[in-house]
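In what follows, a structure is listed as C-alpha cells, so that the remarks can point back to it.
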Amino acid sequence: MPPWQAAVRDAVRDVAELARLLDLPPATLGAFADARFPLLVPRGFVARMRRGDANDPLLKQILPAPAEAEPAEGFTADPVREQGLAANGLIRKYGGRALLIASGTCPVHCRYCFRREFPYQAQLAARDGWEPAIAELRGQADIGEVILSGGDPLSLSNRRLGELLAKLADTAATTVRIHTRFPIVIPERIDSELVRLFDTTRLRTVVVLHTNHPNELDAGVAGALTTLRPHVAALLNQAVLLAGINDDVTTLAALSQRLFDCGVLPYYLHALDPVAGAAHFDVAERRGVELIGELRARLPGYLVPRFVREVPGELSKTPIF
Ligand code: SF4
C-alpha cells in the first residue's frame with residue numbers, strides 16, 4: 001500500500017483520540033456526533049495543530065461542533081443548487097467547462113464543505129469505467145476544460161486516475177483541472193507515479209489546491225508542492241473565508257506569502273456557500289471586501305486573491321471584489 005493510502009486508512013476518526021493527541025480534555029472540544037459526515041482527519045494534519053489550544057484554526061476546520069445542529073435561515077443541503085444539474089457524474093454549469101465528479105471520498109472532512117450532503121452514490125462518473133460521462137463529453141465539442149471534482153479526485157489510485165486521464169485525452173478537452181485538498185492534508189500523495197501521469201498526458205494540467213490558513217503549509221507540504229510545480233501548467237489555491245479561522249488581514253496576508261513560497265498563486269477567496277450546518281463559519285460580505293482592500297495595501301497584486309461567490313444559475317463565479 002502506498003504511504004498516502006496508509007495515511008488515509010490511519011486517519012483519526014474518534015474525537016476522544018483527537019483530544020488526547022492535542023493534550024485537551026475531551027469536554028473542551030464540545031464535539032457532537034454526526035454519523036453522515038463524521039470526524040475524519042489525517043494524523044499529519046493533526047500534527048500541525050497547536051497542542052492545548054481548542055481554538056486552533058486547523059482544528060476548527062475539522063471538528064464537528066454542536067453549532068452544526070442549529071438550523072439557520074438560508075442555509076440548505078444544496079446551497080449552490082447543483083444536485084439537479086448532475087447527470088452521469090457530470091455537472092455543466094459553467095460555459096466551455098464541465099465538472100466531473102471523480103470521487104465521493106475525501107482525505108479530510110471539512111465542516112464547511114458545500115458538498116457535505118451531495119448524493120455521491122447516485123452521481124459518480126466512475127460508473128461503468130467512466131463511459132457514460134466520457135460519452136457525454138465526446139458529444140460536446142465546446143468543452144475545452146474538464147474540472148475533476150468530488151469528493152477529492154486524488155482519492156483515486158494512480159491507476160484509476162491514469163485510466164480517466166487517458167479517456168479524457170480522447171475528447172475535445174485541452175485542459176484538465178484538478179481541485180484537491182490532498183497535497184495539503186496528506187502531502188505523500190504527490191508521488192513519482194502521479195507526476196509521471198501529469199507528464200505523459202496530452203492534456204494541460206491545472207491543479208487548484210484548497211488551503212485556508214498558513215499553518216497548513218508546513219515543510220512537508222512545501223516539499224510536495226515544490227515537487228509538483230514543474231509537472232503542471234499552473235498551481236493555484238482557493239481558500240474559503242471562515243469566521244475565527246482566517247477572517248483577519250494578518251492571516252490572509254501570511255497565507256498568500258506562504259503559498260508563494262511554495263510555488264502557488266492565490267486564486268480565489270471564496271465566500272462561504274450557505275450549506276446547512278456551517279452558518280457559524282459565515283463572515284459578512286462587507287468584511288470580506290474590507291479584507292481584500294487591506295490585502296491590496298500590503299501585497300503585490302498577484303498575491304491578492306479574487307473575492308468571489310457562487311451564485312446558483314450563473315455561468316461563472318461571481319466576483320464580489
Ligand atoms: S476536501 Fe474538499 S470536498 Fe472534501 S470535505 Fe473538504 S472541502 Fe469538501
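In the C-alpha cells, the first chain shown is A, the next is B, and so on; residue numbers restart at 1 for each chain, and ligands run from 1 in the order shown.
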| task | Could you give me the residues within stretch 107-279 of chain A that DSSP places in alpha helix (DSSP H), as a PyMOL selection string? | result | chain A and resi 131-138+158-168+182-185+192-200+219-228+249-261
| message | Show me, as a count of residues only, the residues that have an atom within 12 Å of A:Ala271 when counting only C-alpha atoms, minus same-chain residues fewer than 4 positions from it. | response | 35
| message | ligand 1: which residues are within 10 Å, counting only C-alpha atoms and all ligand atoms? Reply as a ChimeraX atom specification. | response | /A:37,40,61-62,103-118,149-153,155,179-182,184-185,209-211,239-240
Residues as selected, C-alpha atoms, written as a CSV table (one decimal), in the first residue's frame, can you do that?
chain,number,residue,atom,x,y,z
A,37,PHE,CA,-20.4,13.4,7.9
A,40,LEU,CA,-12.0,12.5,9.6
A,61,GLN,CA,-12.0,23.4,10.3
A,62,ILE,CA,-12.4,19.7,11.0
A,103,SER,CA,-14.7,10.5,-6.4
A,104,GLY,CA,-17.1,10.6,-3.5
A,105,THR,CA,-14.4,10.4,-0.8
A,106,CYS,CA,-12.0,12.9,0.7
A,107,PRO,CA,-8.9,12.6,2.9
A,108,VAL,CA,-10.4,15.0,5.4
A,109,HIS,CA,-13.9,16.2,6.3
A,110,CYS,CA,-14.1,20.0,6.3
A,111,ARG,CA,-17.0,21.1,8.3
A,112,TYR,CA,-18.0,24.0,6.0
A,113,CYS,CA,-17.9,21.8,2.8
A,114,PHE,CA,-20.7,22.8,0.4
A,115,ARG,CA,-21.0,19.2,-0.8
A,116,ARG,CA,-21.3,17.6,2.6
A,117,GLU,CA,-24.8,16.4,1.6
A,118,PHE,CA,-24.1,15.7,-2.1
A,149,SER,CA,-14.0,17.5,-8.5
A,150,GLY,CA,-15.6,15.4,-5.8
A,151,GLY,CA,-15.0,14.5,-3.0
A,152,ASP,CA,-11.3,14.7,-3.8
A,153,PRO,CA,-10.2,13.4,-7.2
A,155,SER,CA,-8.6,9.9,-3.7
A,179,HIS,CA,-9.4,20.5,-7.4
A,180,THR,CA,-7.8,18.9,-4.4
A,181,ARG,CA,-7.0,19.2,-0.7
A,182,PHE,CA,-4.9,16.0,-0.8
A,184,ILE,CA,-2.2,19.8,1.9
A,185,VAL,CA,-3.5,17.2,4.3
A,209,LEU,CA,-5.4,23.4,-4.1
A,210,HIS,CA,-7.6,24.2,-1.1
A,211,THR,CA,-5.8,25.8,1.8
A,239,ALA,CA,-9.5,29.5,0.2
A,240,VAL,CA,-12.8,29.9,1.9
| query | Out of A:Ala77, A:Val264, A:Ala6, A:Ala135, which residue has the shortest atom-to-atom distance to A:Thr226 when counting only C-alpha atoms? | reply |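 Of A:Ala77, A:Val264, A:Ala6, A:Ala135, the one nearest A:Thr226, counting only C-alpha atoms, is A:Val264.
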| query | Hey, what does DSSP flag as strand (DSSP E) within stretch 70-165 of chain A? Can you give it to me as a list in words? | reply |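 The strand (DSSP E) residues within stretch 70-165 of chain A come out as Ala86, Ala87, Leu90, Ile91, Arg97, Ala98, Leu99, Leu100, Ile101, Glu145, Val146, Ile147, Leu148 and Ser149 of chain A.
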| task | Within 8 Å of A:Arg204, counting only C-alpha atoms, which residues show up once you throw out same-chain ones fewer than 2 positions away? Write them as a list in words, please. | result |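 Residues meeting the cut-off are Thr174, Thr175, Val176, Thr201, Arg202, Val206, Val232 and Ala233 of chain A.
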Once you have the residues from the selection above, write them out as a PDB file, in the first residue's frame, restricted to N, CA and C atoms.
ATOM      1  N   THR A 174      -8.812  20.246 -23.857  1.00  0.00           N
ATOM      2  CA  THR A 174      -7.379  20.517 -23.928  1.00  0.00           C
ATOM      3  C   THR A 174      -6.757  20.625 -22.533  1.00  0.00           C
ATOM      4  N   THR A 175      -7.627  20.830 -21.542  1.00  0.00           N
ATOM      5  CA  THR A 175      -7.126  21.082 -20.187  1.00  0.00           C
ATOM      6  C   THR A 175      -7.907  20.247 -19.183  1.00  0.00           C
ATOM      7  N   VAL A 176      -7.199  19.701 -18.229  1.00  0.00           N
ATOM      8  CA  VAL A 176      -7.870  19.061 -17.095  1.00  0.00           C
ATOM      9  C   VAL A 176      -7.471  19.838 -15.847  1.00  0.00           C
ATOM     10  N   THR A 201       0.286  12.825 -20.031  1.00  0.00           N
ATOM     11  CA  THR A 201      -0.988  13.107 -20.685  1.00  0.00           C
ATOM     12  C   THR A 201      -0.811  14.253 -21.682  1.00  0.00           C
ATOM     13  N   ARG A 202      -1.590  14.237 -22.768  1.00  0.00           N
ATOM     14  CA  ARG A 202      -1.520  15.358 -23.707  1.00  0.00           C
ATOM     15  C   ARG A 202      -2.262  16.580 -23.157  1.00  0.00           C
ATOM     16  N   VAL A 206      -3.968  21.623 -14.685  1.00  0.00           N
ATOM     17  CA  VAL A 206      -4.003  22.722 -13.714  1.00  0.00           C
ATOM     18  C   VAL A 206      -4.424  22.122 -12.381  1.00  0.00           C
ATOM     19  N   VAL A 232       3.053  20.635 -13.771  1.00  0.00           N
ATOM     20  CA  VAL A 232       1.705  21.129 -14.075  1.00  0.00           C
ATOM     21  C   VAL A 232       1.805  22.505 -14.726  1.00  0.00           C
ATOM     22  N   ALA A 233       0.742  22.861 -15.477  1.00  0.00           N
ATOM     23  CA  ALA A 233       0.751  24.146 -16.174  1.00  0.00           C
ATOM     24  C   ALA A 233       0.528  25.303 -15.203  1.00  0.00           C
TER      25      ALA A 233
END
| query | Could you name the residues that touch A:Leu100 at 8 Å or less, counting only C-alpha atoms, but leaving out those on the same chain fewer than 6 positions away, as a PyMOL selection string? | reply | chain A and resi 89-91+125+133+146-150
| Given the choices A:Asn55, A:Ser192, A:Asn212, A:Gln140, which gets closest to A:Thr227 if the distance is worked out from only C-alpha atoms? |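 Answer, going by the shortest atom-to-atom distance: A:Ser192.
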